[in-house]
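J.: A single structure is presented below for examination.
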Amino acid sequence: MALAVQNHLPRSYRSADTFAPPPSVTLLSGAGVSTSSGIPDFRSAGGMYDTLRPELLTATEQQRKMMKLEPTAVVSWDIFKNNQLPYLELRRPFILEGNSWKPTLFHVFAKILDVKKLLKRSYTQNIDGLDHKVGLPRSKLINVHGSMAEVACEVCKAPYPIEDFRKKVKENIKDIYNPSSQPSKSTPIQCLSCGSPHVKPTTVLYGRELPPEFSELSQSDVDNSHLIMIFGTSLTVFPAAGLPDLASPPKPRVIVNRDYEPGETSVDPEANETDFIITGDCDSVILDIVEAAGWMEEMERFKDVLCDKSKELLKCRLTKGKGR
């Protein structure tokens, strides 16, 4: 196990070369755990919001002005309730290509925790649905911002078969990323139950409430966990980012991310000796943790469901281990 990682795990759960996870762990994940899958980024520089071109979207001039001032308005209830097409045009690649994306090492790590009955709950800010692809039980997963893996009517809540929805999106929604393709004009997709055009993946729009289970379960889950582990998020998007704040020191909290600046939340290693920050790539750190826990054999069993980048990283680590 890498020394830098070893020195940033709770002392009560590690020895010189091993890591023994406690009886109950709560996870919180963000976009950083899914980047190995090649999923388009929404929030960071160069992402979909940063490069949004409202003039390409099917919208009124007033709606385009709203999106130009605040790009996230494209996925807001204020616009969607009157015009569903900008949302569907922006998310068209996500909807059509989502079935081809594969899990990363984080998703398998969560599944291994579940199999070993160590997972209290996994909270994810991601909408990619990759957690479902490793067979994580719905009872153990909270999609804080909803999911692209399910489709329903925003008005009557009736579900819409996802493959049928993908077919409709391909037929009805223009591709703003390839304007020369067909169709050249977008037309609404109607709910199979109520006829409303408000059908979409079950992602949470700005201005709408988060799933009730987030507020109903989060405090209890944190209280009944021995360890809080946060992966792939800089904890800037609330209220999900406030999950670690529900746990007060001395309960250990570990953040794994490419970068993290204390201040947005109460997680601060300088102020709390039971807070830990590991800066680095999520996949690499996961392998360090899994290796220290003695779970590489379990991880290897999931190699066929992994995305190519995660699979290659796992292969290299296994080869290195066998060569010792």
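As shown in the structure tokens, the chain order sets the letters A, B, ...; within each chain, residues go from 1, and ligands are also counted from 1 in the order they appear.
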Going by DSSP on the backbone, which bits of stretch 89-283 of chain A are alpha helix (DSSP H)? Write them as a PyMOL selection string, please.

T.: chain A and resi 89-90+92-97+105-115+162-172+212-223+282-283

J.: Extract, using only C-alpha atoms, all DNA, RNA and protein residues at most 8 Å from A:Met299, discarding same-chain residues fewer than 5 positions from it, and format them as an MDAnalysis selection string.

T.: chainID A and resid 108:109 112 290

J.: Go ahead and save the picked residues with N, CA and C atoms, as a tab-separated table (two decimals), in the first residue's frame.

T.:
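And here is the file that came out, again-v5.tsv:
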chain	number	residue	atom	x	y	z
A	108	VAL	N	-17.28	-0.96	-7.77
A	108	VAL	CA	-17.02	-2.32	-7.30
A	108	VAL	C	-16.66	-2.31	-5.81
A	109	PHE	N	-15.91	-1.31	-5.38
A	109	PHE	CA	-15.57	-1.17	-3.96
A	109	PHE	C	-16.84	-1.08	-3.11
A	112	ILE	N	-18.38	-4.50	-2.94
A	112	ILE	CA	-17.66	-5.40	-2.04
A	112	ILE	C	-18.01	-5.08	-0.59
A	290	VAL	N	-8.17	-1.30	-1.22
A	290	VAL	CA	-8.60	-2.69	-1.40
A	290	VAL	C	-7.43	-3.65	-1.17

J.: For A:Thr233, which residue among A:Leu88, A:Leu205, A:Ala271, A:Ile278 is the nearest when counting only C-alpha atoms?

T.: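 With only C-alpha atoms as the atom set, the closest residue is A:Ile278.
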